[in-house]
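> You'll find input_10.cif just under this line, and it carries mmCIF, C-alpha atoms.
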data_data
loop_
_atom_site.group_PDB
_atom_site.id
_atom_site.type_symbol
_atom_site.label_atom_id
_atom_site.label_comp_id
_atom_site.auth_asym_id
_atom_site.auth_seq_id
_atom_site.Cartn_x
_atom_site.Cartn_y
_atom_site.Cartn_z
ATOM 1 C CA MET A 28 0.000 0.000 0.000
ATOM 2 C CA LYS A 29 2.798 2.397 0.928
ATOM 3 C CA THR A 30 4.632 1.503 -2.308
ATOM 4 C CA SER A 31 1.543 2.313 -4.422
ATOM 5 C CA PHE A 32 1.127 5.618 -2.603
ATOM 6 C CA ALA A 33 4.825 6.415 -3.127
ATOM 7 C CA TRP A 34 4.532 5.720 -6.876
ATOM 8 C CA LEU A 35 1.384 7.827 -7.012
ATOM 9 C CA ALA A 36 3.204 10.698 -5.295
ATOM 10 C CA VAL A 37 6.178 10.371 -7.674
ATOM 11 C CA GLY A 38 3.810 10.311 -10.663
ATOM 12 C CA ALA A 39 1.997 13.422 -9.428
ATOM 13 C CA ALA A 40 5.306 15.211 -8.874
ATOM 14 C CA LEU A 41 6.506 14.327 -12.380
ATOM 15 C CA PHE A 42 3.190 15.475 -13.856
ATOM 16 C CA ALA A 43 3.443 18.777 -11.957
ATOM 17 C CA ALA A 44 7.053 19.237 -13.078
ATOM 18 C CA GLY A 45 6.039 18.556 -16.697
ATOM 19 C CA TYR A 46 3.195 21.033 -16.399
ATOM 20 C CA LEU A 47 5.570 23.702 -15.046
ATOM 21 C CA VAL A 48 8.056 23.057 -17.858
ATOM 22 C CA ALA A 49 5.234 23.313 -20.418
ATOM 23 C CA GLN A 50 4.053 26.558 -18.830
ATOM 24 C CA GLN A 51 7.582 27.980 -18.942
ATOM 25 C CA LYS A 52 7.899 26.983 -22.605
ATOM 26 C CA GLU A 53 4.700 28.921 -23.393
ATOM 27 C CA THR A 54 5.935 32.025 -21.552
ATOM 28 C CA ARG A 55 7.220 34.458 -24.151
ATOM 29 C CA ASP A 56 9.306 37.432 -23.206
ATOM 30 C CA ILE A 57 12.400 39.395 -24.166
ATOM 31 C CA ARG A 58 15.062 41.172 -22.142
ATOM 32 C CA ARG A 59 14.796 44.946 -22.466
ATOM 33 C CA VAL A 60 17.470 47.409 -21.348
ATOM 34 C CA VAL A 61 16.623 51.132 -21.432
ATOM 35 C CA THR A 62 19.158 53.860 -20.673
ATOM 36 C CA LYS A 63 18.648 57.472 -19.606
ATOM 37 C CA LEU A 64 20.566 60.613 -18.732
ATOM 38 C CA GLU A 65 20.612 61.785 -15.124
ATOM 39 C CA PRO A 66 20.270 65.545 -14.485
ATOM 40 C CA SER A 67 24.074 65.658 -14.139
ATOM 41 C CA GLY A 68 24.391 64.283 -17.689
ATOM 42 C CA LYS A 69 25.572 60.845 -16.527
ATOM 43 C CA ALA A 70 24.331 57.831 -18.556
ATOM 44 C CA VAL A 71 22.665 55.134 -16.441
ATOM 45 C CA VAL A 72 20.410 52.106 -16.876
ATOM 46 C CA MET A 73 16.758 53.069 -16.363
ATOM 47 C CA LEU A 74 15.278 49.572 -16.898
ATOM 48 C CA ASP A 75 16.715 46.072 -17.209
ATOM 49 C CA GLU A 76 13.921 43.520 -17.178
ATOM 50 C CA ARG A 77 12.077 40.743 -18.971
ATOM 51 C CA THR A 78 9.200 42.197 -21.007
ATOM 52 C CA PRO A 79 6.349 39.742 -21.660
ATOM 53 C CA LEU A 80 4.897 39.187 -25.109
ATOM 54 C CA MET A 81 1.105 39.083 -24.902
ATOM 55 C CA ARG A 82 -1.616 37.972 -27.302
ATOM 56 C CA PRO A 83 -3.849 41.084 -27.384
ATOM 57 C CA ARG A 84 -5.608 40.227 -30.641
ATOM 58 C CA GLY A 85 -4.991 38.075 -33.666
ATOM 59 C CA PRO A 86 -2.741 35.015 -33.732
ATOM 60 C CA THR A 87 0.545 36.674 -32.748
ATOM 61 C CA TYR A 88 2.356 37.351 -29.473
ATOM 62 C CA VAL A 89 3.368 41.016 -29.242
ATOM 63 C CA GLY A 90 5.454 43.096 -26.868
ATOM 64 C CA ASN A 91 5.845 46.862 -27.182
ATOM 65 C CA LEU A 92 9.342 47.800 -26.011
ATOM 66 C CA TRP A 93 9.178 51.596 -26.389
ATOM 67 C CA VAL A 94 6.792 54.245 -27.744
ATOM 68 C CA THR A 95 7.479 57.870 -28.666
ATOM 69 C CA GLU A 96 4.832 60.516 -29.320
ATOM 70 C CA ALA A 97 6.885 62.970 -31.383
ATOM 71 C CA SER A 98 9.888 63.212 -33.665
ATOM 72 C CA PRO A 99 12.465 64.176 -32.636
ATOM 73 C CA PRO A 100 11.720 62.531 -29.266
ATOM 74 C CA ASP A 101 11.919 64.219 -25.886
ATOM 75 C CA PHE A 102 14.292 62.540 -23.409
ATOM 76 C CA SER A 103 12.987 64.195 -20.230
ATOM 77 C CA TRP A 104 10.533 61.427 -19.269
ATOM 78 C CA SER A 105 11.156 59.006 -16.438
ATOM 79 C CA ALA A 106 8.114 56.764 -16.986
ATOM 80 C CA ASP A 107 8.260 53.473 -18.858
ATOM 81 C CA ARG A 108 7.206 54.471 -22.382
ATOM 82 C CA ALA A 109 6.406 50.831 -23.264
ATOM 83 C CA LYS A 110 3.288 51.170 -21.096
ATOM 84 C CA THR A 111 1.836 53.837 -23.434
ATOM 85 C CA LYS A 112 -1.534 52.519 -24.659
ATOM 86 C CA ILE A 113 -1.620 52.272 -28.464
ATOM 87 C CA GLY A 114 -3.027 49.953 -31.114
ATOM 88 C CA LEU A 115 -1.029 48.607 -34.021
ATOM 89 C CA MET A 116 -0.108 52.108 -35.210
ATOM 90 C CA PRO A 117 2.351 54.402 -33.431
ATOM 91 C CA PRO A 118 1.043 57.735 -32.080
ATOM 92 C CA LYS A 119 0.630 60.502 -34.658
ATOM 93 C CA GLY A 120 4.147 61.786 -35.379
ATOM 94 C CA GLY A 121 5.666 59.100 -33.145
ATOM 95 C CA SER A 122 7.095 55.607 -33.252
ATOM 96 C CA VAL A 123 6.794 52.178 -31.667
ATOM 97 C CA PHE A 124 9.480 49.537 -31.137
ATOM 98 C CA ARG A 125 7.977 46.063 -30.723
ATOM 99 C CA VAL A 126 8.728 42.359 -30.987
ATOM 100 C CA VAL A 127 6.254 39.936 -32.575
ATOM 101 C CA ASP A 128 6.199 36.128 -32.576
ATOM 102 C CA PHE A 129 4.392 34.848 -35.685
ATOM 103 C CA PRO A 130 2.919 31.338 -35.357
ATOM 104 C CA PRO A 131 2.735 28.865 -38.250
ATOM 105 C CA GLU A 132 0.273 29.864 -40.995
ATOM 106 C CA THR A 133 -2.331 27.216 -40.103
ATOM 107 C CA GLU A 134 -2.594 28.525 -36.526
ATOM 108 C CA ALA A 135 -2.748 32.137 -37.725
ATOM 109 C CA LEU A 136 -5.528 31.424 -40.235
ATOM 110 C CA ALA A 137 -7.497 29.350 -37.706
ATOM 111 C CA HIS A 138 -7.380 32.267 -35.253
ATOM 112 C CA ILE A 139 -8.635 34.773 -37.822
ATOM 113 C CA GLY A 140 -11.394 32.464 -39.073
ATOM 114 C CA THR A 141 -13.400 33.953 -41.942
ATOM 115 C CA GLY A 142 -12.022 37.470 -41.393
ATOM 116 C CA ASN A 143 -8.767 39.023 -42.527
ATOM 117 C CA MET A 144 -5.838 40.855 -40.957
ATOM 118 C CA GLN A 145 -6.841 44.239 -42.377
ATOM 119 C CA GLU A 146 -10.065 44.030 -40.327
ATOM 120 C CA VAL A 147 -7.922 43.411 -37.224
ATOM 121 C CA VAL A 148 -5.713 46.393 -38.106
ATOM 122 C CA GLY A 149 -8.733 48.614 -38.796
ATOM 123 C CA ALA A 150 -9.234 51.472 -41.211
ATOM 124 C CA ALA A 151 -7.549 54.123 -39.039
ATOM 125 C CA GLY A 152 -4.187 54.963 -40.503
ATOM 126 C CA THR A 153 -4.565 52.679 -43.512
ATOM 127 C CA PRO A 154 -3.292 54.294 -46.712
ATOM 128 C CA ALA A 155 -5.911 55.096 -49.353
ATOM 129 C CA LYS A 156 -3.890 53.480 -52.146
ATOM 130 C CA GLY A 157 -3.508 49.757 -52.674
ATOM 131 C CA VAL A 158 -5.122 46.732 -54.230
ATOM 132 C CA ALA A 159 -7.405 44.129 -52.644
ATOM 133 C CA PRO A 160 -5.557 41.635 -50.419
ATOM 134 C CA ARG A 161 -4.545 38.331 -52.035
ATOM 135 C CA HIS A 162 -4.100 36.549 -48.672
ATOM 136 C CA PRO A 163 -6.175 36.785 -45.450
ATOM 137 C CA LEU A 164 -3.094 37.940 -43.471
ATOM 138 C CA MET A 165 -2.440 40.907 -45.781
ATOM 139 C CA HIS A 166 -2.699 44.369 -44.273
ATOM 140 C CA ARG A 167 -1.362 47.862 -44.699
ATOM 141 C CA THR A 168 -0.452 50.718 -42.379
ATOM 142 C CA ARG A 169 0.559 54.315 -43.014
ATOM 143 C CA THR A 170 4.020 53.768 -41.538
ATOM 144 C CA LEU A 171 7.658 53.302 -42.439
ATOM 145 C CA ASP A 172 8.597 49.967 -40.864
ATOM 146 C CA TYR A 173 12.046 48.589 -40.116
ATOM 147 C CA ALA A 174 11.926 44.821 -39.497
ATOM 148 C CA ILE A 175 14.726 42.552 -38.258
ATOM 149 C CA ILE A 176 14.162 38.781 -38.396
ATOM 150 C CA MET A 177 15.486 37.570 -35.025
ATOM 151 C CA SER A 178 14.723 33.843 -35.222
ATOM 152 C CA GLY A 179 12.949 31.386 -37.475
ATOM 153 C CA GLU A 180 11.897 31.884 -41.084
ATOM 154 C CA ILE A 181 8.959 33.658 -42.720
ATOM 155 C CA ASP A 182 7.618 34.692 -46.120
ATOM 156 C CA MET A 183 6.667 38.301 -46.816
ATOM 157 C CA LEU A 184 3.880 38.381 -49.415
ATOM 158 C CA LEU A 185 3.337 41.554 -51.433
ATOM 159 C CA ASP A 186 0.717 42.459 -54.034
ATOM 160 C CA GLU A 187 3.026 40.785 -56.519
ATOM 161 C CA GLY A 188 5.523 38.140 -55.477
ATOM 162 C CA GLU A 189 6.974 37.164 -52.127
ATOM 163 C CA VAL A 190 10.320 37.111 -50.336
ATOM 164 C CA HIS A 191 11.604 34.318 -48.067
ATOM 165 C CA LEU A 192 13.360 35.701 -44.970
ATOM 166 C CA LYS A 193 15.607 34.069 -42.353
ATOM 167 C CA ALA A 194 17.141 35.129 -39.037
ATOM 168 C CA GLY A 195 19.493 38.057 -39.615
ATOM 169 C CA ASP A 196 17.612 39.436 -42.646
ATOM 170 C CA VAL A 197 16.139 42.946 -42.535
ATOM 171 C CA VAL A 198 13.204 44.608 -44.311
ATOM 172 C CA VAL A 199 12.353 48.266 -44.932
ATOM 173 C CA GLN A 200 8.585 48.381 -45.487
ATOM 174 C CA GLN A 201 7.312 51.653 -47.017
ATOM 175 C CA ALA A 202 3.550 51.630 -46.306
ATOM 176 C CA THR A 203 3.062 48.656 -48.626
ATOM 177 C CA ASN A 204 0.363 45.993 -48.607
ATOM 178 C CA HIS A 205 1.941 42.841 -47.137
ATOM 179 C CA ALA A 206 1.433 39.638 -45.177
ATOM 180 C CA TRP A 207 3.778 37.798 -42.824
ATOM 181 C CA VAL A 208 3.222 34.093 -43.558
ATOM 182 C CA ASN A 209 5.083 31.522 -41.477
ATOM 183 C CA ARG A 210 5.052 28.279 -43.471
ATOM 184 C CA GLY A 211 7.315 26.500 -40.982
ATOM 185 C CA ARG A 212 6.518 24.649 -37.765
ATOM 186 C CA GLU A 213 8.175 26.992 -35.246
ATOM 187 C CA PRO A 214 7.305 30.620 -34.424
ATOM 188 C CA CYS A 215 9.243 33.359 -36.221
ATOM 189 C CA ARG A 216 10.320 36.324 -34.068
ATOM 190 C CA ILE A 217 10.634 39.746 -35.696
ATOM 191 C CA ALA A 218 11.643 43.080 -34.160
ATOM 192 C CA PHE A 219 9.800 46.057 -35.689
ATOM 193 C CA ILE A 220 10.276 49.801 -35.514
ATOM 194 C CA LEU A 221 7.190 51.589 -36.932
ATOM 195 C CA LEU A 222 7.429 55.298 -37.726
ATOM 196 C CA ASP A 223 4.277 57.321 -38.375
ATOM 197 C CA SER A 224 4.365 58.740 -41.899
ATOM 198 C CA GLN A 225 2.417 60.811 -44.382
ATOM 199 C CA GLU A 226 -0.031 59.357 -46.886
ATOM 200 C CA PRO A 227 2.057 57.678 -49.641
#
Is it possible to express this structure as structure tokens?


Amino acid sequence: MKTSFAWLAVGAALFAAGYLVAQQKETRDIRRVVTKLEPSGKAVVMLDERTPLMRPRGPTYVGNLWVTEASPPDFSWSADRAKTKIGLMPPKGGSVFRVVDFPPETEALAHIGTGNMQEVVGAAGTPAKGVAPRHPLMHRTRTLDYAIIMSGEIDMLLDEGEVHLKAGDVVVQQATNHAWVNRGREPCRIAFILLDSQEP
């Protein structure tokens, strides 16, 4: 009887340990270090922490790392600018620095259902020019985007053609209609800097 109870306890402990490992694997975050100038002019670290990537809408995990509300930016703030509430677009005249984990295409399409990514993005800030989307994940924003592929692989679809991208590749997106389509099995992590821009 004691032996059966011992095995049951060991089994429960292993199950709990497996559950914790699985939970940790699902936790998505990125280390973020932010510097600032003290009143004396000395450079110091303002923040050094793990920033979680959340799933606010759509199929992707997203973490905003910093937001500015003007260009050129003001460096007098002491608050964490990543906590500025915004949607996909940066503030008017500002910018947003974010990291996005794109799941495989099947998961992304299942999450969207019968809709499309442009509906998720919304009409606000969408350029007036452009053709109808050729893929449900296609969308367009009135921004200049710098993208750095950090890990994994992904295809960038345009109105005509597509480009396969791997870790270390960079993209300069000039308010163009596009879709990020991950045809692999693992998530693809991309760092984005979006700059508000004028109508193209």

> Please determine, counting only C-alpha atoms, which residue among A:Ser105, A:Glu76, A:Pro117, A:Ala202 has the shortest atom-to-atom distance to A:Leu171.

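Of the candidates, the smallest distance to A:Leu171 is held by A:Ala202.
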
> What is the atom CA of A:Glu96-atom CA of A:Gly120 distance in Å, reported with one decimal?

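Atom CA of A:Gly120 lies at a distance of 6.2 Å from atom CA of A:Glu96.
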
> Care to translate the PyMOL selection byres ((chain A and resi 95) around 7) into actual residues of this file, as a PyMOL selection string?

chain A and resi 93-94+96-97+100+121-123

> Work out how far apart atom CA of A:Ile181 and atom CA of A:Lys193 are and give it in Å to one decimal.

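Computing it gives 6.7 Å between the two atoms.
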
> Which residue, A:Arg108, A:Lys69, A:Lys119, A:Arg84, has the smallest gap to A:Asp223 when you use all atoms listed in the file?

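Of the candidates, the smallest distance to A:Asp223 is held by A:Lys119.
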
> Considering only C-alpha atoms, state which residue in the set A:Leu92, A:Ile176, A:Val72, A:Val197 is at the smallest distance from A:Lys112.

A:Leu92

> Applying 10 Å and only C-alpha atoms, which residues near A:His162 remain after dropping the ones on its own chain fewer than 6 positions away? List them as a tab-separated table (two decimals) with C-alpha atoms, in the coordinates of the input.


chain	number	residue	atom	x	y	z
A	136	LEU	CA	-5.53	31.42	-40.24
A	143	ASN	CA	-8.77	39.02	-42.53
A	144	MET	CA	-5.84	40.85	-40.96
A	184	LEU	CA	3.88	38.38	-49.42
A	185	LEU	CA	3.34	41.55	-51.43
A	186	ASP	CA	0.72	42.46	-54.03
A	205	HIS	CA	1.94	42.84	-47.14
A	206	ALA	CA	1.43	39.64	-45.18
A	207	TRP	CA	3.78	37.80	-42.82
A	208	VAL	CA	3.22	34.09	-43.56
